[in-house]
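Structure record follows, encoded as structure tokens.
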Amino acid sequence: MSFTTRGFAGRRRGPDDQLPPGQTLFDNWPVLTAGPTPYVDTETWDFAILDETGTEHHWNWEQFLALGAEDITVDIHCVTHWSKLDMAWRGVSLDKLFENVETSHDYVMAHSYGGYTTNVPLEDLLDGKAWIATEAEGAPLDAEHGGPARLLIPHLYFWKSAKWVRALTMMPTNDPGFWEQSGYHIYGDPWKEERYW
């Protein structure tokens, strides 16, 4: 199944207005990382959602893949002004991961192997808006691009699509993550140029 939604790759626009303001079209996919690249083996990879009761919902690699992956085609936009259009991905919808998670909290902190964090409103992860991606452009994600699995939230600037994702922790307030504490916008909508606070 392929998803295409306005704000991702959706409504086809002319070449001049397909890009959010201030973005430049790239054919390649730059590697930008805040720290050293962690190398995570799928044999030891684990993903968890932690709710406000302290309950941890865990998946190992096999359990995660058994949820069922889907193909997605979306545009991605980096805060550093590059965009890549109609990019093919494969991943598991966050809707599937949250099926048995009950929460009254409205915000999530994404945690990565290596210590990176980024905050996201829960509503931006559900209803077909976000995935844990394992492949890009027909190949497994390599470590430099966040493999074996990364968050994919294409309607927000790409720093929100945390590489090497390992956990989501529910939060009652929208506490800032790594880049947000350093001056990046708390939300990051590329169509509004929400780059910095």
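A note on labels: chains of the structure tokens are A, B, ... as shown, every chain counts residues from 1, and ligands are counted from 1 in their shown order.
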
**OP:** Determine which residues of stretch 7-192 of chain A receive a DSSP assignment of strand (DSSP E or B), computed from the backbone, and state them as a PyMOL selection string.
**Re:** chain A and resi 24-25+46-50+56-60+70-77+82-93+107-112+117-121+131-136+139-140+150-152+165-171+184

**OP:** Write down as JSON, numbers by chain the residues of stretch 76-162 of chain A whose backbone DSSP state falls under alpha helix (DSSP H).
**Re:** {"A": [94, 95, 96, 97]}

**OP:** Could you give me, as an NGL selection string, the residues within 9 Å of A:Phe64, counting only C-alpha atoms and dropping anything in the same chain fewer than 6 positions from it?
**Re:** :A and (46-47 or 58 or 92 or 97)

Subject >> For stretch 103-106 of chain A: contacts at 12 Å, only C-alpha atoms, fewer than 5 positions along chain excluded, given as number ranges by chain >> reply: A: 49-55, 98, 119-126, 169-175

**OP:** Considering only C-alpha atoms, state which residue in the set A:Ala162, A:Leu32, A:Leu152, A:Leu25 is at the smallest distance from A:Ala136.
**Re:**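 Answer, going by the shortest atom-to-atom distance: A:Leu152.
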
**OP:** Could you check which of A:Ile132, A:Tyr187, A:Gly115, A:Pro140 is closest to A:Gly35, using only C-alpha atoms?
**Re:**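 Among the listed residues, the smallest separation from A:Gly35 belongs to A:Gly115.
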
Subject >> Nearby residues (only C-alpha atoms) at most 7 Å from stretch 81-85 of chain A, same-chain spacing under 5 positions excluded, as a ChimeraX atom specification >> reply: /A:22-27,74-76

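The nearest approach to A:Arg166 among the residues A:Pro30, A:Gly183, A:Pro20, A:Gly114, with only C-alpha atoms taken into account, belongs to A:Gly114.
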
Subject >> Pick from A:Gln181, A:Thr134, A:Ser161, A:Ser112, whichever lies nearest to A:Pro38 using only C-alpha atoms >> reply: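 Result for the nearest residue to A:Pro38: A:Ser112.
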
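Across A:Glu137, A:Glu194, A:Glu56, A:Asp127, the tightest approach to A:Thr73 is made by A:Glu137 when counting only C-alpha atoms.
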
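With atom CA of A:Phe158 on one side and atom CA of A:Ile72 on the other, the separation reads 15.8 Å.
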
**OP:** Enter the distance from atom CA of A:Gly138 to atom CA of A:Val108, in Å, rounded to one decimal.
**Re:**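 Pair atom CA of A:Gly138 / atom CA of A:Val108 returns 29.1 Å.
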
Subject >> Of the listed residues A:Trp45, A:Trp191, A:Phe178, A:Tyr39, that which approaches A:Thr118 most closely, counting only C-alpha atoms >> reply: A:Phe178
